[in-house]
$ cat upload.tsv   # TSV, C-alpha atoms
chain	number	residue	atom	x	y	z
A	10	MET	CA	-86.66	56.87	-5.13
A	11	SER	CA	-84.44	55.16	-7.67
A	12	THR	CA	-80.87	56.23	-8.22
A	13	THR	CA	-79.92	57.08	-11.79
A	14	PRO	CA	-76.45	56.36	-13.23
A	15	SER	CA	-75.64	60.07	-13.18
A	16	THR	CA	-76.65	60.28	-9.52
A	17	ARG	CA	-74.42	57.32	-8.68
A	18	SER	CA	-71.55	59.03	-10.48
A	19	ASP	CA	-72.19	62.22	-8.47
A	20	LEU	CA	-72.14	60.21	-5.26
A	21	ARG	CA	-68.82	58.74	-6.19
A	22	HIS	CA	-67.34	62.16	-6.80
A	23	THR	CA	-68.78	63.66	-3.60
A	24	ASP	CA	-67.38	60.83	-1.48
A	25	PRO	CA	-64.14	59.81	-3.23
A	26	GLN	CA	-62.57	58.48	-0.05
A	27	ARG	CA	-65.22	55.81	0.44
A	28	PHE	CA	-64.81	54.77	-3.20
A	29	LEU	CA	-61.03	54.59	-2.68
A	30	VAL	CA	-61.40	52.48	0.46
A	31	ILE	CA	-63.58	49.98	-1.43
A	32	ALA	CA	-60.93	49.76	-4.15
A	33	VAL	CA	-58.09	49.33	-1.64
A	34	VAL	CA	-59.90	46.53	0.20
A	35	ALA	CA	-61.00	44.74	-2.98
A	36	PHE	CA	-57.66	44.75	-4.81
A	37	ALA	CA	-55.66	43.99	-1.65
A	38	ALA	CA	-57.89	40.99	-0.96
A	39	ILE	CA	-57.61	39.49	-4.45
A	40	ALA	CA	-53.91	40.12	-5.16
A	41	PRO	CA	-52.48	37.72	-2.50
A	42	ALA	CA	-55.43	35.30	-2.51
A	43	VAL	CA	-53.33	32.35	-3.77
A	44	LEU	CA	-50.93	32.73	-0.86
A	45	MET	CA	-53.78	33.12	1.65
A	46	ALA	CA	-55.37	29.87	0.42
A	47	ALA	CA	-52.04	28.11	-0.12
A	48	PRO	CA	-52.79	24.93	1.91
A	49	ALA	CA	-55.77	23.96	-0.25
A	50	ILE	CA	-54.03	24.87	-3.50
A	51	ALA	CA	-50.81	23.07	-2.53
A	52	GLU	CA	-52.67	19.81	-1.95
A	53	GLN	CA	-54.33	20.09	-5.36
A	54	LEU	CA	-51.01	20.81	-7.09
A	55	ILE	CA	-49.61	17.60	-5.62
A	56	SER	CA	-52.62	15.40	-6.37
A	57	GLN	CA	-53.48	16.72	-9.84
A	58	LEU	CA	-50.13	17.72	-11.31
A	59	GLY	CA	-48.03	15.20	-9.40
A	60	LEU	CA	-45.63	17.84	-8.10
A	61	MET	CA	-43.14	17.09	-5.34
A	62	PRO	CA	-43.53	19.02	-2.08
A	63	SER	CA	-40.29	20.84	-2.83
A	64	GLN	CA	-41.68	21.94	-6.20
A	65	VAL	CA	-44.85	23.23	-4.57
A	66	GLY	CA	-42.77	25.11	-2.01
A	67	ASN	CA	-40.66	26.65	-4.74
A	68	LEU	CA	-43.80	27.65	-6.64
A	69	PHE	CA	-45.25	29.56	-3.71
A	70	ALA	CA	-41.85	31.03	-2.82
A	71	ALA	CA	-41.58	32.32	-6.40
A	72	GLU	CA	-45.03	33.94	-6.10
A	73	LEU	CA	-44.13	35.59	-2.81
A	74	GLY	CA	-40.81	36.76	-4.20
A	75	ALA	CA	-42.37	38.24	-7.35
A	76	MET	CA	-45.03	40.01	-5.30
A	77	SER	CA	-42.37	41.54	-3.06
A	78	LEU	CA	-40.05	42.48	-5.93
A	79	ALA	CA	-42.85	44.52	-7.52
A	80	THR	CA	-41.74	47.13	-4.99
A	81	LEU	CA	-38.52	47.88	-6.89
A	82	PRO	CA	-39.95	49.35	-10.13
A	83	ALA	CA	-42.61	51.09	-8.05
A	84	TYR	CA	-39.90	53.39	-6.68
A	85	TRP	CA	-39.72	54.75	-10.21
A	86	TRP	CA	-43.36	54.82	-11.35
A	87	LEU	CA	-45.08	55.95	-8.13
A	88	SER	CA	-44.38	59.63	-8.79
A	89	ARG	CA	-44.33	59.49	-12.60
A	90	PHE	CA	-47.45	57.66	-13.79
A	91	SER	CA	-51.13	57.82	-13.02
A	92	TRP	CA	-51.99	55.27	-10.35
A	93	ARG	CA	-55.28	54.68	-12.14
A	94	ARG	CA	-53.48	53.66	-15.30
A	95	VAL	CA	-50.97	51.49	-13.42
A	96	ALA	CA	-53.84	49.76	-11.59
A	97	LEU	CA	-55.65	49.06	-14.85
A	98	ILE	CA	-52.54	47.64	-16.54
A	99	ALA	CA	-51.64	45.54	-13.50
A	100	GLY	CA	-55.21	44.25	-13.30
A	101	VAL	CA	-55.19	43.19	-16.95
A	102	VAL	CA	-51.80	41.46	-16.54
A	103	PHE	CA	-53.12	39.70	-13.42
A	104	ILE	CA	-56.15	38.43	-15.37
A	105	THR	CA	-53.99	37.32	-18.30
A	106	GLY	CA	-51.54	35.48	-16.05
A	107	ASN	CA	-54.31	33.60	-14.25
A	108	VAL	CA	-56.19	32.65	-17.40
A	109	ALA	CA	-52.96	31.37	-18.93
A	110	SER	CA	-52.17	29.48	-15.69
A	111	SER	CA	-55.46	27.61	-16.01
A	112	LEU	CA	-54.45	26.35	-19.45
A	113	THR	CA	-51.10	24.76	-18.60
A	114	GLN	CA	-49.94	21.83	-16.50
A	115	GLU	CA	-46.22	22.15	-17.32
A	116	TYR	CA	-44.33	23.10	-14.17
A	117	GLY	CA	-41.81	25.53	-15.66
A	118	ILE	CA	-44.43	27.43	-17.65
A	119	LEU	CA	-46.77	27.49	-14.65
A	120	MET	CA	-44.06	28.96	-12.44
A	121	GLY	CA	-43.35	31.72	-14.95
A	122	LEU	CA	-47.04	32.57	-15.25
A	123	ARG	CA	-47.52	32.55	-11.48
A	124	MET	CA	-44.59	34.95	-11.11
A	125	LEU	CA	-46.08	37.24	-13.77
A	126	SER	CA	-49.46	37.23	-12.04
A	127	ALA	CA	-47.88	37.76	-8.61
A	128	PHE	CA	-45.77	40.65	-9.91
A	129	ALA	CA	-48.95	42.34	-11.13
A	130	GLY	CA	-50.61	41.56	-7.82
A	131	GLY	CA	-47.65	43.04	-5.95
A	132	SER	CA	-47.95	46.23	-7.98
A	133	LEU	CA	-51.61	46.43	-7.00
A	134	MET	CA	-50.66	45.83	-3.38
A	135	VAL	CA	-48.18	48.73	-3.54
A	136	LEU	CA	-50.98	50.94	-4.85
A	137	CYS	CA	-53.34	49.78	-2.10
A	138	ILE	CA	-50.84	50.35	0.71
A	139	SER	CA	-49.84	53.76	-0.68
A	140	SER	CA	-53.42	54.85	-1.36
A	141	ALA	CA	-54.56	53.84	2.13
A	142	ALA	CA	-51.90	56.21	3.46
A	143	LEU	CA	-53.74	59.09	1.76
A	144	THR	CA	-56.95	58.58	3.73
A	145	THR	CA	-57.85	60.51	6.85
A	146	ASN	CA	-58.78	57.53	9.07
A	147	LYS	CA	-55.81	55.31	8.31
A	148	ASP	CA	-56.26	52.98	11.29
A	149	ARG	CA	-59.71	52.01	10.08
A	150	VAL	CA	-58.70	51.64	6.44
A	151	TYR	CA	-55.72	49.41	7.25
A	152	GLY	CA	-58.06	47.37	9.43
A	153	PHE	CA	-60.31	46.82	6.41
A	154	TRP	CA	-57.17	46.10	4.35
A	155	VAL	CA	-56.19	43.24	6.66
A	156	MET	CA	-59.73	41.97	7.13
A	157	GLY	CA	-60.42	41.70	3.39
A	158	GLN	CA	-57.39	39.46	2.88
A	159	LEU	CA	-58.34	37.23	5.80
A	160	VAL	CA	-61.95	36.83	4.68
A	161	VAL	CA	-60.97	35.90	1.12
A	162	GLY	CA	-58.38	33.45	2.45
A	163	ALA	CA	-60.87	31.83	4.84
A	164	VAL	CA	-63.53	31.52	2.14
A	165	GLY	CA	-60.96	30.05	-0.24
A	166	LEU	CA	-59.86	27.41	2.25
A	167	ALA	CA	-63.50	26.51	2.90
A	168	VAL	CA	-64.81	26.24	-0.68
A	169	LEU	CA	-61.80	25.35	-2.84
A	170	PRO	CA	-61.53	21.63	-1.90
A	171	ALA	CA	-65.10	20.98	-3.12
A	172	LEU	CA	-64.56	23.06	-6.25
A	173	PHE	CA	-61.32	21.24	-7.01
A	174	GLU	CA	-63.14	17.89	-6.91
A	175	ARG	CA	-65.56	19.08	-9.54
A	176	PHE	CA	-63.53	21.41	-11.76
A	177	GLY	CA	-59.85	20.72	-11.00
A	178	LEU	CA	-57.01	23.15	-10.32
A	179	ALA	CA	-57.99	25.54	-13.12
A	180	ILE	CA	-61.00	26.79	-11.18
A	181	VAL	CA	-58.90	28.79	-8.72
A	182	TYR	CA	-57.21	30.69	-11.53
A	183	TRP	CA	-60.50	31.34	-13.31
A	184	LEU	CA	-62.01	32.62	-10.08
A	185	LEU	CA	-59.10	34.99	-9.53
A	186	ALA	CA	-59.33	36.26	-13.10
A	187	GLY	CA	-63.09	36.75	-12.80
A	188	LEU	CA	-62.86	38.58	-9.49
A	189	MET	CA	-60.17	40.87	-10.83
A	190	ALA	CA	-62.21	41.59	-13.98
A	191	ALA	CA	-65.18	42.52	-11.80
A	192	CYS	CA	-62.96	44.92	-9.85
A	193	LEU	CA	-61.39	46.70	-12.83
A	194	PRO	CA	-63.96	49.56	-12.77
A	195	LEU	CA	-62.67	50.35	-9.27
A	196	THR	CA	-59.34	51.47	-10.76
A	197	ARG	CA	-61.07	54.84	-11.25
A	198	ALA	CA	-61.01	55.27	-7.48
A	199	PHE	CA	-57.24	55.68	-7.35
A	200	PRO	CA	-56.02	59.30	-7.30
A	201	GLU	CA	-55.33	61.35	-10.39
A	202	LEU	CA	-51.73	62.22	-11.23
A	203	GLU	CA	-52.08	65.77	-9.88
A	204	ASP	CA	-53.48	64.43	-6.58
A	205	GLN	CA	-50.63	61.92	-6.32
A	206	ARG	CA	-48.16	64.76	-6.59
A	207	THR	CA	-49.81	66.41	-3.58
A	208	PHE	CA	-48.51	63.41	-1.69
A	209	THR	CA	-45.36	62.36	-3.55
A	210	THR	CA	-43.83	65.85	-3.89
A	211	SER	CA	-44.49	67.00	-0.33
A	212	THR	CA	-41.92	69.54	0.81
A	213	SER	CA	-41.88	68.08	4.30
A	214	SER	CA	-38.71	66.22	5.12
A	215	LEU	CA	-39.10	62.53	5.77
A	216	PRO	CA	-38.04	61.73	9.35
A	217	ARG	CA	-35.48	59.23	8.17
A	218	VAL	CA	-34.52	57.78	11.54
A	219	LYS	CA	-38.14	57.24	12.51
A	220	ALA	CA	-38.89	55.85	9.06
A	221	ALA	CA	-36.04	53.35	9.44
A	222	LEU	CA	-37.28	52.36	12.88
A	223	GLY	CA	-40.82	51.90	11.57
A	224	THR	CA	-39.58	49.78	8.68
A	225	LEU	CA	-37.59	47.60	11.08
A	226	ALA	CA	-40.67	47.31	13.28
A	227	VAL	CA	-42.66	45.82	10.37
A	228	LEU	CA	-39.79	43.50	9.43
A	229	THR	CA	-39.33	42.16	12.97
A	230	PHE	CA	-43.10	41.86	13.45
A	231	TYR	CA	-43.43	39.60	10.41
A	232	ILE	CA	-40.29	37.62	11.28
A	233	GLY	CA	-41.66	36.87	14.73
A	234	LEU	CA	-45.19	35.99	13.73
A	235	SER	CA	-44.29	33.93	10.64
A	236	GLY	CA	-41.70	31.92	12.55
A	237	VAL	CA	-44.24	30.89	15.17
A	238	TRP	CA	-47.20	30.41	12.81
A	239	THR	CA	-45.23	28.25	10.39
A	240	PHE	CA	-44.43	25.69	13.09
A	241	ILE	CA	-47.48	26.02	15.32
A	242	GLY	CA	-48.87	22.77	13.92
A	243	SER	CA	-45.62	21.04	14.81
A	244	ILE	CA	-45.85	22.44	18.34
A	245	ALA	CA	-49.35	20.92	18.62
A	246	SER	CA	-48.08	17.57	17.33
A	247	GLY	CA	-45.16	17.64	19.76
A	248	SER	CA	-47.64	18.19	22.57
A	249	GLY	CA	-49.57	15.07	21.65
A	250	LEU	CA	-52.51	16.79	19.93
A	251	SER	CA	-53.98	15.09	16.88
A	252	ALA	CA	-53.82	16.69	13.45
A	253	LYS	CA	-57.62	17.03	13.42
A	254	THR	CA	-57.71	18.72	16.82
A	255	SER	CA	-54.99	21.22	15.96
A	256	GLY	CA	-56.55	21.79	12.54
A	257	ASP	CA	-59.90	22.64	14.11
A	258	ILE	CA	-58.24	25.04	16.53
A	259	LEU	CA	-56.27	26.77	13.76
A	260	ALA	CA	-59.43	27.07	11.65
A	261	LEU	CA	-61.12	28.81	14.57
A	262	ALA	CA	-58.01	30.97	14.94
A	263	THR	CA	-58.62	32.22	11.40
A	264	VAL	CA	-62.00	33.50	12.53
A	265	MET	CA	-60.29	35.18	15.49
A	266	GLY	CA	-57.93	36.83	13.03
A	267	ILE	CA	-60.88	38.35	11.19
A	268	LEU	CA	-62.29	39.53	14.53
A	269	GLY	CA	-58.94	41.10	15.41
A	270	ALA	CA	-58.87	43.16	12.22
A	271	ALA	CA	-62.54	44.04	12.66
A	272	THR	CA	-61.85	45.26	16.20
A	273	ALA	CA	-59.02	47.48	15.00
A	274	THR	CA	-61.31	48.78	12.28
A	275	SER	CA	-64.08	49.61	14.74
A	276	ILE	CA	-61.62	51.48	16.96
A	277	GLY	CA	-60.18	53.43	14.03
A	278	ALA	CA	-58.56	56.68	15.07
A	279	ARG	CA	-60.40	56.78	18.39
A	280	GLY	CA	-58.44	56.49	21.59
A	281	ALA	CA	-54.68	56.34	22.07
A	282	ARG	CA	-53.01	54.28	19.36
A	283	ARG	CA	-49.95	53.89	21.55
A	284	LEU	CA	-52.05	52.17	24.20
A	285	TRP	CA	-53.67	49.80	21.70
A	286	LEU	CA	-50.25	48.91	20.30
A	287	MET	CA	-48.82	48.16	23.71
A	288	LEU	CA	-51.84	46.07	24.70
A	289	GLY	CA	-51.85	44.12	21.43
A	290	TYR	CA	-48.12	43.43	21.49
A	291	ALA	CA	-48.22	42.39	25.16
A	292	LEU	CA	-51.03	39.89	24.51
A	293	MET	CA	-49.18	38.56	21.47
A	294	ILE	CA	-46.10	37.88	23.61
A	295	VAL	CA	-48.31	36.19	26.23
A	296	ALA	CA	-49.76	33.98	23.49
A	297	VAL	CA	-46.29	32.82	22.44
A	298	ALA	CA	-45.37	32.20	26.09
A	299	LEU	CA	-48.41	29.92	26.44
A	300	LEU	CA	-46.84	27.61	23.85
A	301	LEU	CA	-43.78	26.94	26.02
A	302	LYS	CA	-43.21	23.67	27.91
A	303	THR	CA	-45.48	21.24	26.01
A	304	PRO	CA	-48.83	23.05	26.17
A	305	THR	CA	-52.04	21.21	27.05
A	306	LEU	CA	-55.04	21.31	24.74
A	307	LEU	CA	-56.56	24.28	26.58
A	308	ARG	CA	-53.27	26.19	26.68
A	309	PHE	CA	-52.57	25.54	23.00
A	310	ALA	CA	-56.08	26.66	22.02
A	311	LEU	CA	-55.78	29.87	24.03
A	312	ALA	CA	-52.34	30.56	22.56
A	313	ALA	CA	-53.46	30.06	18.96
A	314	LEU	CA	-56.64	32.13	19.32
A	315	ILE	CA	-54.97	35.01	21.16
A	316	PHE	CA	-51.97	34.99	18.81
A	317	LYS	CA	-54.04	35.25	15.64
A	318	PHE	CA	-56.39	37.86	17.14
A	319	THR	CA	-53.58	40.13	18.34
A	320	TRP	CA	-51.53	39.68	15.15
A	321	THR	CA	-54.30	41.13	13.00
A	322	PHE	CA	-55.35	43.64	15.65
A	323	VAL	CA	-51.90	45.21	15.95
A	324	LEU	CA	-51.02	45.29	12.24
A	325	PRO	CA	-53.37	48.16	11.19
A	326	PHE	CA	-51.95	50.39	13.91
A	327	ILE	CA	-48.39	49.56	12.82
A	328	MET	CA	-49.23	50.40	9.21
A	329	THR	CA	-50.80	53.69	10.24
A	330	THR	CA	-47.66	54.61	12.18
A	331	LEU	CA	-45.63	54.20	9.01
A	332	ALA	CA	-48.20	56.01	6.87
A	333	GLU	CA	-48.00	59.06	9.11
A	334	LEU	CA	-44.22	59.15	8.68
A	335	ASP	CA	-44.46	58.99	4.89
A	336	THR	CA	-44.26	62.25	2.96
A	337	SER	CA	-43.07	60.80	-0.36
A	338	GLY	CA	-45.04	57.58	-0.90
A	339	GLN	CA	-41.81	55.59	-0.94
A	340	LEU	CA	-41.95	54.39	2.67
A	341	MET	CA	-45.27	52.60	2.16
A	342	ASN	CA	-43.88	51.12	-1.05
A	343	THR	CA	-40.90	49.80	0.92
A	344	THR	CA	-43.31	48.20	3.35
A	345	ASN	CA	-44.51	45.80	0.64
A	346	LEU	CA	-40.93	44.54	0.21
A	347	VAL	CA	-40.33	44.36	3.95
A	348	ILE	CA	-43.47	42.27	4.54
A	349	GLY	CA	-42.33	39.71	1.98
A	350	GLY	CA	-38.86	39.69	3.48
A	351	GLY	CA	-40.19	39.09	6.97
A	352	LEU	CA	-42.44	36.27	5.79
A	353	ALA	CA	-39.42	34.60	4.18
A	354	ILE	CA	-36.89	35.21	6.98
A	355	GLY	CA	-39.15	34.13	9.86
A	356	PRO	CA	-39.61	30.47	8.88
A	357	ALA	CA	-35.95	30.18	7.86
A	358	LEU	CA	-34.72	31.42	11.25
A	359	ALA	CA	-37.29	29.32	13.10
A	360	GLY	CA	-36.22	26.21	11.20
A	361	ARG	CA	-32.60	26.79	12.13
A	362	ALA	CA	-33.57	27.30	15.77
A	363	LEU	CA	-35.46	24.01	15.75
A	364	GLU	CA	-32.57	22.10	14.19
A	365	SER	CA	-29.95	23.55	16.54
A	366	SER	CA	-31.91	23.10	19.77
A	367	GLY	CA	-33.94	19.98	19.03
A	368	GLY	CA	-37.02	21.57	20.60
A	369	PHE	CA	-39.33	24.56	20.40
A	370	GLU	CA	-38.03	26.56	23.37
A	371	TRP	CA	-35.40	28.59	21.51
A	372	LEU	CA	-37.82	29.28	18.68
A	373	LEU	CA	-40.51	30.58	21.05
A	374	VAL	CA	-38.18	32.55	23.32
A	375	GLY	CA	-36.56	34.10	20.26
A	376	ALA	CA	-39.95	34.98	18.80
A	377	MET	CA	-40.98	36.66	22.05
A	378	GLY	CA	-37.82	38.75	21.95
A	379	ILE	CA	-38.30	39.70	18.30
A	380	VAL	CA	-41.94	40.70	18.87
A	381	ALA	CA	-40.90	42.77	21.91
A	382	LEU	CA	-38.23	44.45	19.77
A	383	SER	CA	-40.86	45.26	17.15
A	384	MET	CA	-43.01	46.90	19.82
A	385	MET	CA	-40.14	49.09	21.04
A	386	LEU	CA	-39.27	50.09	17.47
A	387	VAL	CA	-42.81	51.07	16.47
A	388	LEU	CA	-43.42	53.01	19.69
A	389	THR	CA	-40.16	54.90	19.16
A	390	ALA	CA	-41.06	55.58	15.53
A	391	GLN	CA	-44.44	57.14	16.30
A	392	ARG	CA	-44.90	60.84	15.74
A	393	PRO	CA	-45.55	62.90	18.89
A	394	SER	CA	-48.99	63.85	17.58
A	395	ALA	CA	-51.76	61.27	17.42
A	396	ARG	CA	-52.50	61.99	13.79
A	397	ALA	CA	-50.57	63.46	10.86
A	398	THR	CA	-52.67	64.84	8.03
A	399	SER	CA	-50.17	66.60	5.79
A	400	GLY	CA	-49.98	63.61	3.47
A	401	SER	CA	-53.73	63.16	2.99
A	402	LEU	CA	-55.47	64.25	-0.17
A	403	SER	CA	-57.19	67.51	0.62
A	404	THR	CA	-60.23	66.61	-1.46
A	405	PHE	CA	-61.04	63.59	0.72
A	406	GLY	CA	-63.45	63.71	3.63
A	407	GLU	CA	-63.48	61.68	6.82
A	408	ALA	CA	-63.81	57.94	6.37
A	409	SER	CA	-67.12	56.69	7.60
$ encode --input "upload.tsv" --output "C-alpha cells"
Amino acid sequence: MSTTPSTRSDLRHTDPQRFLVIAVVAFAAIAPAVLMAAPAIAEQLISQLGLMPSQVGNLFAAELGAMSLATLPAYWWLSRFSWRRVALIAGVVFITGNVASSLTQEYGILMGLRMLSAFAGGSLMVLCISSAALTTNKDRVYGFWVMGQLVVGAVGLAVLPALFERFGLAIVYWLLAGLMAACLPLTRAFPELEDQRTFTTSTSSLPRVKAALGTLAVLTFYIGLSGVWTFIGSIASGSGLSAKTSGDILALATVMGILGAATATSIGARGARRLWLMLGYALMIVAVALLLKTPTLLRFALAALIFKFTWTFVLPFIMTTLAELDTSGQLMNTTNLVIGGGLAIGPALAGRALESSGGFEWLLVGAMGIVALSMMLVLTAQRPSARATSGSLSTFGEAS
C-alpha cells in the first residue's frame, strides 16, 4: 500500500525521536566534512591555488577555530530562540559561504568565507550535540553521530581526488552546499521552543564538580588522541615503513574507526557503560604502547587499527556521560568548544615533546598518561545510576 504525504507527516509526528536522530546524524556529518577530508582538500589547495603549506595550515586552523567559537554565542541563544529557526539560518549561511567559496581563488577572501561557513557549521554542531542529549538512548545516538562523520570523511577522501581532476577545487564547496540544501527540510526535526525549555529550564541543579570532571575528560581525551594521530605517520616513517605502506594501514584504520562507532551504536544503552568505557580506554592505551620502541610492520598495523577502533568506540559513551549530567543544555554546548580545544592543544604539545626529546617516546608515554587521566575523570564524573532521563523530551519514545 502506498504512503501518502499526509501519512508520512503523521509518521514523523508519531516518531519524532527517529526524525531527530536522522537530523542530528545528517547535519553533524556535513558540518565538519571539510576537516574530515582535509588531506585531499589540502593537496588541491596547494596544486590549484599555489598556496604554501603554512597558508593551508592556517586555513584549516581558522575553520576549526571558527567552528569551536560558535559555542560562545550559543550560550545566549540556546534558551532564547527556536532551535529549528537557528538550524535553518545556520544551514542557509553554510550554503552561502560554500557557494561563495567556490567562486573565489583569493586567499584572504577564501579564509573569511571558510570561517563564515565553519561558524555556521559549528552552530549546527552545537544543535546536534545538544539535541542528541534529549534522546532516550543517548549511547546509540552519539554512536550514529560519530559514525556519520567518519563515513562522510572516508567517502570524501576516496572520491575527491578524482573529482578534483575533473572539476577543480570548487566541486567540494558545491557538494557541501548541495548536501546542506538537501538536508534543510530536516531542520523541522529539532525541538520546538517550548520543548527546549523543558530541557534548558530544568529545576535540577547541575552537578558542577562532575560536569567539570566530564568536561576535562573530553578535553584530555582529544589532547591524547590528536597528539598521537597527528604524528602516527611520522612514527611509521621513523620505523622504516614506506609512505605507501603506512598510508594503506591508516586507510584501513579509517574503516576500523567506522566499525568502532558502529559497535558502540549496536551496544547502545545495553550492558554496563562503565565496563565498556574501561575496556575501550584500556585497549586504547595498549594501542599507544604498541607504538613504542620502533614498532615492526605488524605491531604498527595492530596499533593503528586498535587505536582508531577504540577511539571511536569510547567517544559515544563519553558523550553520553556528559549528556546525563546536563540539565541546562550548556554543558553539551561547552563540549563543542572543548573538542576544538583538544584537537588544537594535542598536536602542539606533541610537537613540543618531539622537539625536546628528539624521539617519540615522551610523546607516546605522555599520551598514555593523558588517556589514562581521561578515563579516571570520566569514570568519576558518571552518575551513580546507569541512565538519567530527567533531561529527555517527554514526547519522545525509545530510539530504535
$ atom_distance --input "upload.tsv" --atom1 "CA of Phe318 in chain A" --atom2 "CA of Gly355 in chain A"
19.1 Å
$ residues_around --input "upload.tsv" --residues "Leu331 in chain A" --least-positions-apart "6" --cutoff "12 Å" --atoms "only C-alpha atoms" --output "MDAnalysis selection string"
chainID A and resid 138:139 141:143 147:148 151 215:227 324:325 337:345 386:392 396:397 400
$ closest_atom_pairs --input "upload.tsv" --of "range 308-375 of chain A" --to "range 60-73 of chain A" --cutoff "10 Å" --atoms "only C-alpha atoms" --output "JSON lines"
{"residue": "A:Leu346", "atom": "CA", "partner": "A:Leu73", "partner_atom": "CA", "distance": 10.0}
{"residue": "A:Ile348", "atom": "CA", "partner": "A:Leu73", "partner_atom": "CA", "distance": 10.0}
{"residue": "A:Gly349", "atom": "CA", "partner": "A:Leu73", "partner_atom": "CA", "distance": 6.6}
{"residue": "A:Gly350", "atom": "CA", "partner": "A:Leu73", "partner_atom": "CA", "distance": 9.2}
{"residue": "A:Leu352", "atom": "CA", "partner": "A:Leu73", "partner_atom": "CA", "distance": 8.8}
{"residue": "A:Ala353", "atom": "CA", "partner": "A:Ala70", "partner_atom": "CA", "distance": 8.2}
$ residues_around --input "upload.tsv" --residues "range 159-174 of chain A" --least-positions-apart "3" --cutoff "6 Å" --atoms "all atoms listed in the file" --output "list in words"
Met45, Ala46, Ala49, Met156, Gly177 and Leu178 of chain A
$ atom_distance --input "upload.tsv" --atom1 "CA of Leu300 in chain A" --atom2 "CA of Gly266 in chain A"
18.0 Å
$ closest_residue --input "upload.tsv" --among "A:Arg27, A:Arg149, A:Arg197, A:Arg175" --to "Arg94 in chain A" --atoms "all atoms listed in the file"
A:Arg197
$ residues_around --input "upload.tsv" --residues "Gly256 in chain A" --least-positions-apart "5" --cutoff "10 Å" --atoms "all atoms listed in the file" --output "PyMOL selection string"
chain A and resi 242+245+250-251+261-262
$ atom_distance --input "upload.tsv" --atom1 "CA of Gly187 in chain A" --atom2 "CA of Val155 in chain A"
21.6 Å
$ residues_near_point --input "upload.tsv" --point "(-52.7, 35.9, 22.4)" --cutoff "8 Å" --atoms "all atoms listed in the file" --output "mmCIF file with C-alpha atoms, keeping the file's coordinate frame"
data_model
loop_
_atom_site.group_PDB
_atom_site.id
_atom_site.type_symbol
_atom_site.label_atom_id
_atom_site.label_comp_id
_atom_site.auth_asym_id
_atom_site.auth_seq_id
_atom_site.Cartn_x
_atom_site.Cartn_y
_atom_site.Cartn_z
ATOM 1 C CA LEU A 292 -51.030 39.890 24.510
ATOM 2 C CA MET A 293 -49.180 38.560 21.470
ATOM 3 C CA ILE A 294 -46.100 37.880 23.610
ATOM 4 C CA VAL A 295 -48.310 36.190 26.230
ATOM 5 C CA ALA A 296 -49.760 33.980 23.490
ATOM 6 C CA VAL A 297 -46.290 32.820 22.440
ATOM 7 C CA LEU A 311 -55.780 29.870 24.030
ATOM 8 C CA ALA A 312 -52.340 30.560 22.560
ATOM 9 C CA ALA A 313 -53.460 30.060 18.960
ATOM 10 C CA LEU A 314 -56.640 32.130 19.320
ATOM 11 C CA ILE A 315 -54.970 35.010 21.160
ATOM 12 C CA PHE A 316 -51.970 34.990 18.810
ATOM 13 C CA LYS A 317 -54.040 35.250 15.640
ATOM 14 C CA PHE A 318 -56.390 37.860 17.140
ATOM 15 C CA THR A 319 -53.580 40.130 18.340
#
$ closest_residue --input "upload.tsv" --among "A:Val108, A:Leu286, A:Ala291, A:Cys137" --to "Phe153 in chain A" --atoms "only C-alpha atoms"
A:Cys137
$ closest_residue --input "upload.tsv" --among "A:Ala75, A:Leu299, A:Val30, A:Met189" --to "Ile98 in chain A" --atoms "all atoms listed in the file"
A:Met189
$ residues_around --input "upload.tsv" --residues "range 232-235 of chain A" --least-positions-apart "4" --cutoff "7 Å" --atoms "only C-alpha atoms" --output "list in words"
Leu228, Thr239, Gly351, Leu352, Ile354, Gly355, Pro356, Ala376, Ile379 and Val380 of chain A
$ residues_near_point --input "upload.tsv" --point "(-55.8, 35.0, -19.7)" --cutoff "12 Å" --atoms "all atoms listed in the file" --output "PDB file with C-alpha atoms, keeping the file's coordinate frame"
ATOM      1  CA  GLY A 100     -55.210  44.250 -13.300  1.00  0.00           C
ATOM      2  CA  VAL A 101     -55.190  43.190 -16.950  1.00  0.00           C
ATOM      3  CA  VAL A 102     -51.800  41.460 -16.540  1.00  0.00           C
ATOM      4  CA  PHE A 103     -53.120  39.700 -13.420  1.00  0.00           C
ATOM      5  CA  ILE A 104     -56.150  38.430 -15.370  1.00  0.00           C
ATOM      6  CA  THR A 105     -53.990  37.320 -18.300  1.00  0.00           C
ATOM      7  CA  GLY A 106     -51.540  35.480 -16.050  1.00  0.00           C
ATOM      8  CA  ASN A 107     -54.310  33.600 -14.250  1.00  0.00           C
ATOM      9  CA  VAL A 108     -56.190  32.650 -17.400  1.00  0.00           C
ATOM     10  CA  ALA A 109     -52.960  31.370 -18.930  1.00  0.00           C
ATOM     11  CA  SER A 110     -52.170  29.480 -15.690  1.00  0.00           C
ATOM     12  CA  SER A 111     -55.460  27.610 -16.010  1.00  0.00           C
ATOM     13  CA  LEU A 112     -54.450  26.350 -19.450  1.00  0.00           C
ATOM     14  CA  THR A 113     -51.100  24.760 -18.600  1.00  0.00           C
ATOM     15  CA  LEU A 122     -47.040  32.570 -15.250  1.00  0.00           C
ATOM     16  CA  ARG A 123     -47.520  32.550 -11.480  1.00  0.00           C
ATOM     17  CA  LEU A 125     -46.080  37.240 -13.770  1.00  0.00           C
ATOM     18  CA  SER A 126     -49.460  37.230 -12.040  1.00  0.00           C
ATOM     19  CA  ALA A 179     -57.990  25.540 -13.120  1.00  0.00           C
ATOM     20  CA  TYR A 182     -57.210  30.690 -11.530  1.00  0.00           C
ATOM     21  CA  TRP A 183     -60.500  31.340 -13.310  1.00  0.00           C
ATOM     22  CA  LEU A 184     -62.010  32.620 -10.080  1.00  0.00           C
ATOM     23  CA  LEU A 185     -59.100  34.990  -9.530  1.00  0.00           C
ATOM     24  CA  ALA A 186     -59.330  36.260 -13.100  1.00  0.00           C
ATOM     25  CA  GLY A 187     -63.090  36.750 -12.800  1.00  0.00           C
ATOM     26  CA  MET A 189     -60.170  40.870 -10.830  1.00  0.00           C
ATOM     27  CA  ALA A 190     -62.210  41.590 -13.980  1.00  0.00           C
TER      28      ALA A 190
END
$ closest_residue --input "upload.tsv" --among "A:Met120, A:Ile50, A:Ala40, A:Ile244" --to "Thr305 in chain A" --atoms "all atoms listed in the file"
A:Ile244
$ closest_residue --input "upload.tsv" --among "A:Trp371, A:Tyr116, A:Trp86, A:Phe28" --to "Gly59 in chain A" --atoms "all atoms listed in the file"
A:Tyr116
